Structures are given as C-alpha cells and as structure tokens.
Amino acid sequence: MKRFTLLLLPAWLAAMPLQTLIEHAKNNHTSLKSIEQRVSAIDNEYERSRNFADPVLSLTMSDIQLDDITNRSIERMQYTALNVQQRIPYFGKRDARANKIKAKQEKVALSIDAMKVKIVKEIKITAYSIWEREEELKITGEYVKLTKQNIELYSAVSISDAKAHMSIMSAEMSLSELRIKQSRLKSLLKGLYKKISYLSEMEVDSVEVTMTLHKPQSLDAYIDANKRNISYKIKEATLKEANLDIKVKDLEAYVDPVVKVGYFKREAFNDYINIGVAFSIPLYGTQESKTEQSRKLALASQSEILDLDNLIRSQMQAIHANLEDAYTVHTIIMHESMPQIEHMFELSSSSIKSGEELFIYIDLLEKKLSLDEKNIVAVARYHKSQARLDALIGEMK
C-alpha cells in the first residue's frame, strides 16, 4: 500500500479538502434545491387529496312572466331557489389517494438522494482527475529536465559521433512534444477546476486529496449492497405508487353519491326545501379500463426492477474488474518493478565510465519516470472506479 498526498498549489495557499467540497455541494447545489421545491409542492397536492370536491352553488329564478317580469307572486310555480350540490367520496377513497400521493412524494424525495449521489461521484472523479493531471504535469516536468540533460550529455560524449547526433535530434523532438504535453495538461486542469467549482457550488482553485490504496473488497460485498442503489429504490417507489394507483382505480368503481339540497322561496306562498341524491352510472366500463391500465403499468415497473437489478450487477462486475486491475498494476509497479529499477539505477549512476554506460543510465531514468507515470494512472483509475462503485451502492460521502 502506498499513500499519496497532493497539495495542488503552493503551501501558502490552503488547498480545499475534498470532503469540504462534497458537503458544501450537498447543502447548496441548485439542482438539489429545485428538487426540494418539487417535494414541497407535493405537500400541497397531499392536502388537496384529503379535501372533498368543491360544492356547487346555484341560484335559480323560475317562471318569469314576460308580461310582468318583476311580479313573483302570480302563481305557485314561481320561486327563487338556492341549491347546493356536494359529492361525497366513497369511504376509503381519500385515504387511497393520499397514500398514493405520499408514495409519489417518497419517489421524488429519493431523486434528491440520487442527485446527491451523482454530484458526490462527479466531484470525486473530477478531484482524482485533477490529482492525476497535476502528477502527470510533475512527471512531464521531470521528463523535460531529463531531456535537457540528455541533450547536454549527448553533446559532451562526442561531437562527431553519429549516434550522439541522432540521439540529440531525437531528444530535441521529444522536448517539443513534452512542452506541448505540458500546455495541454495545464489547459485540462483549468477545465477541471471550472467543473469542480460548478459541482461544489463554490470557487475552487486548489484541492487536497489523500490517495490511499487498500486491497479491494470482494465483488460479492458490493452485489449484496446493490439494493441501496438509489435508482433501484426509485424503481421500487414507482412500483409502490403503481400498486396504490390500482387501489385508487378499484375504489373509483364505487359510485360517489351526490347530495343536493335546495331552498325554494316564494312571495305569496309557503317556502320549501328539496333534498335529492344522485349517482353516476358506470355504464361504459371506463373504470375497469383505468384499473387494467394501472395493473399493466405496475407489471411494467416490476419488470423494470428486475432489469435494473441485472444491469447494476453487470456494471458492478465491470467496474470491480477495473478496480482490481488498477490495484494489481499499482502493486506490480511499486513492489516488483520499481525496486528493481531503483536498484539498477543506483548501481549504474555510481559506475558511469563510458558513453555506452551513459546511454544505459539515461534509459533507466526514462523507464523509472515511465513507471511513475503508469502508477499515477493506476492510482487515479483505482479511486475513480471506487467512486463509481460507491455511487452504485448509494454512497453520499
């Protein structure tokens, strides 16, 4: 195991810890706030589901005599009526609708967690990419320094040596390529800092990450935790909502009575009250069709859960294989290849006697830097794979 700590700017400028960026993003990201507003809006929908339908109030003036419009006492049929009509929901309907809306609210609330998981994953991967590019820039700087030394050393070996001349030309071309690479890495870093600033909802110009490699957990440990995947939970919440919608549709098959009460006022005769009850007639099978539709949607959600479970397992297997490969590459470089290179490097650096030995020495230096570069890539790949696996099991830290 090897521990890497990176401060991406000079010591006088404090680097921002990765965990600080993550916590700030979870508390302040605009995408999360917009979803929170949607969840809050469902509270209003829930309150409405507990209400009765609005009553209907009507005013009626009957038997208006055109010969004498204002006279309301000519005969008994003349009246002025105030009617109130109220639909009474069948017992259990309001509860069923409320439970369905609660399930919908749970589903939308889970999308907040899904967004947090996504933001955390992207911040981690971006921070690891910054670490990788900074380390690559550092190694490239070492290559530039080595290449310049090579040009000087080759020049000192023999001015007339054709091999030395060829080596100098090759080194000059390599130096140009390295300078181009430095420029590209600096440009990539600018873009990565812009990205991590957006993701964390704060201006970031330095990041502190501690890169520690541990032996990967077994694949089974991740597969056992796949039910914590937020997308999986959202699918389960969708199925719960669909099943509750079936109950709502079943209850809608029971006709709601409509109660009507009317007060009738007459000028020259006694006032009176009318009371009536009305029912809609489920004659055309509309409710049965809606119930069947809800059942099909529930079955579709159930199939989607099974499909998502298989997809998550497949993704875990691929990412875990990448994680183990990165760890293996790191182990080989740090525990097998690098010790041998460093030993050979020490021996050759203390016994350079000729131009040929000098070429061997320089070749070893290049191999050592190349291995360092491969190790940087492996370490970054390990942590990026770990971040992706953590996201699949719903990790938000």
# chains A, B, ... in the order shown; residues from 1 in each chain; ligands from 1
>>> select_by_dssp(residues="segment 227-290 of chain A", states="strand (DSSP E or B)", output="ChimeraX atom specification")
/A:258-265,272-278
>>> write_last_selection(atoms="C-alpha atoms", output="CSV table (one decimal), in the first residue's frame")
chain,number,residue,atom,x,y,z
A,258,VAL,CA,-74.0,13.5,-5.0
A,259,VAL,CA,-76.2,15.1,-2.4
A,260,LYS,CA,-78.4,18.1,-3.5
A,261,VAL,CA,-80.1,20.4,-1.1
A,262,GLY,CA,-82.3,23.4,-2.4
A,263,TYR,CA,-84.1,26.1,-0.6
A,264,PHE,CA,-87.1,27.5,-2.6
A,265,LYS,CA,-88.6,30.9,-1.7
A,272,TYR,CA,-90.0,24.8,1.0
A,273,ILE,CA,-86.8,22.7,0.8
A,274,ASN,CA,-85.9,19.9,-1.7
A,275,ILE,CA,-83.4,17.2,-0.9
A,276,GLY,CA,-82.0,14.8,-3.6
A,277,VAL,CA,-79.3,12.2,-4.1
A,278,ALA,CA,-77.7,11.4,-7.5
>>> residues_around(residues="Ser183 of chain A", least_positions_apart="4", cutoff="12 Å", atoms="only C-alpha atoms", output="compact mmCIF listing (two decimals) with C-alpha atoms, in the first residue's frame")
# COMPACT_ATOMS: atom_id res chain seq x y z
CA ARG A 133 -3.18 15.72 -14.25
CA GLU A 136 1.36 13.95 -14.84
CA LEU A 137 2.42 17.59 -15.12
CA THR A 140 6.34 15.73 -17.53
CA GLY A 141 8.44 18.42 -15.90
CA SER A 176 8.99 19.79 -28.19
CA GLU A 177 6.44 17.04 -27.64
CA LEU A 178 6.85 17.33 -23.88
CA ARG A 179 6.30 21.08 -23.95
CA SER A 187 -5.40 23.56 -20.22
CA LEU A 188 -7.11 20.39 -18.99
CA LEU A 189 -6.53 21.45 -15.39
CA LYS A 190 -8.25 24.79 -15.99
>>> residues_around(residues="Phe91 of chain A", least_positions_apart="4", cutoff="10 Å", atoms="only C-alpha atoms", output="PyMOL selection string")
chain A and resi 95-96+251+254+256
>>> select_by_dssp(residues="segment 164-238 of chain A", states="helix (DSSP H, G or I)", output="PyMOL selection string")
chain A and resi 164-200+219-224+226-228+230-238
>>> closest_atom_pairs(of="segment 124-241 of chain A", to="segment 331-337 of chain A", cutoff="12 Å", atoms="only C-alpha atoms", output="tab-separated table")
residue	atom	partner	partner_atom	distance
A:Leu213	CA	A:Thr331	CA	9.7
A:His214	CA	A:Thr331	CA	10.5
A:Lys215	CA	A:Thr331	CA	9.9
>>> atom_distance(atom1="atom CA of His320 of chain A", atom2="atom CA of Thr20 of chain A")
27.0 Å
>>> closest_residue(among="A:Leu192, A:Ala41, A:Met316, A:Val56", to="Gln86 of chain A", atoms="only C-alpha atoms")
A:Val56
>>> residues_around(residues="Ala221 of chain A", least_positions_apart="6", cutoff="12 Å", atoms="only C-alpha atoms", output="PyMOL selection string")
chain A and resi 227+313+316-317+320+389-390+393
>>> write_last_selection(atoms="N, CA and C atoms", output="mmCIF file, in the first residue's frame")
data_model
loop_
_atom_site.group_PDB
_atom_site.id
_atom_site.type_symbol
_atom_site.label_atom_id
_atom_site.label_comp_id
_atom_site.auth_asym_id
_atom_site.auth_seq_id
_atom_site.Cartn_x
_atom_site.Cartn_y
_atom_site.Cartn_z
ATOM 1 N N LYS A 227 -29.033 -3.284 -3.363
ATOM 2 C CA LYS A 227 -30.386 -2.778 -3.088
ATOM 3 C C LYS A 227 -30.355 -1.367 -2.517
ATOM 4 N N ARG A 313 -25.793 -5.250 -11.392
ATOM 5 C CA ARG A 313 -24.827 -6.332 -11.186
ATOM 6 C C ARG A 313 -23.773 -6.344 -12.294
ATOM 7 N N MET A 316 -21.430 -3.412 -11.796
ATOM 8 C CA MET A 316 -20.535 -3.676 -10.668
ATOM 9 C C MET A 316 -19.404 -4.621 -11.059
ATOM 10 N N GLN A 317 -19.737 -5.642 -11.818
ATOM 11 C CA GLN A 317 -18.715 -6.608 -12.233
ATOM 12 C C GLN A 317 -17.648 -5.937 -13.089
ATOM 13 N N HIS A 320 -15.687 -3.346 -10.889
ATOM 14 C CA HIS A 320 -14.857 -4.044 -9.902
ATOM 15 C C HIS A 320 -13.645 -4.669 -10.571
ATOM 16 N N LEU A 389 -18.221 2.630 -7.906
ATOM 17 C CA LEU A 389 -18.831 1.543 -7.133
ATOM 18 C C LEU A 389 -19.604 2.106 -5.943
ATOM 19 N N ASP A 390 -19.019 3.103 -5.277
ATOM 20 C CA ASP A 390 -19.716 3.726 -4.144
ATOM 21 C C ASP A 390 -21.047 4.335 -4.600
ATOM 22 N N ILE A 393 -23.860 1.833 -4.909
ATOM 23 C CA ILE A 393 -24.476 1.358 -3.653
ATOM 24 C C ILE A 393 -25.016 2.535 -2.836
#
>>> closest_residue(among="A:Lys296, A:Asn375, A:Leu219, A:Asn226", to="Leu239 of chain A", atoms="only C-alpha atoms")
A:Lys296
>>> closest_residue(among="A:Val84, A:Lys249, A:Glu172, A:Ser31", to="Pro55 of chain A", atoms="only C-alpha atoms")
A:Val84
>>> atom_distance(atom1="atom CA of His29 of chain A", atom2="atom CA of Ala237 of chain A")
24.3 Å
>>> residues_around(residues="segment 72-75 of chain A", least_positions_apart="3", cutoff="8 Å", atoms="only C-alpha atoms", output="VMD selection string")
chain A and resid 64 69 78 to 79 266 to 269
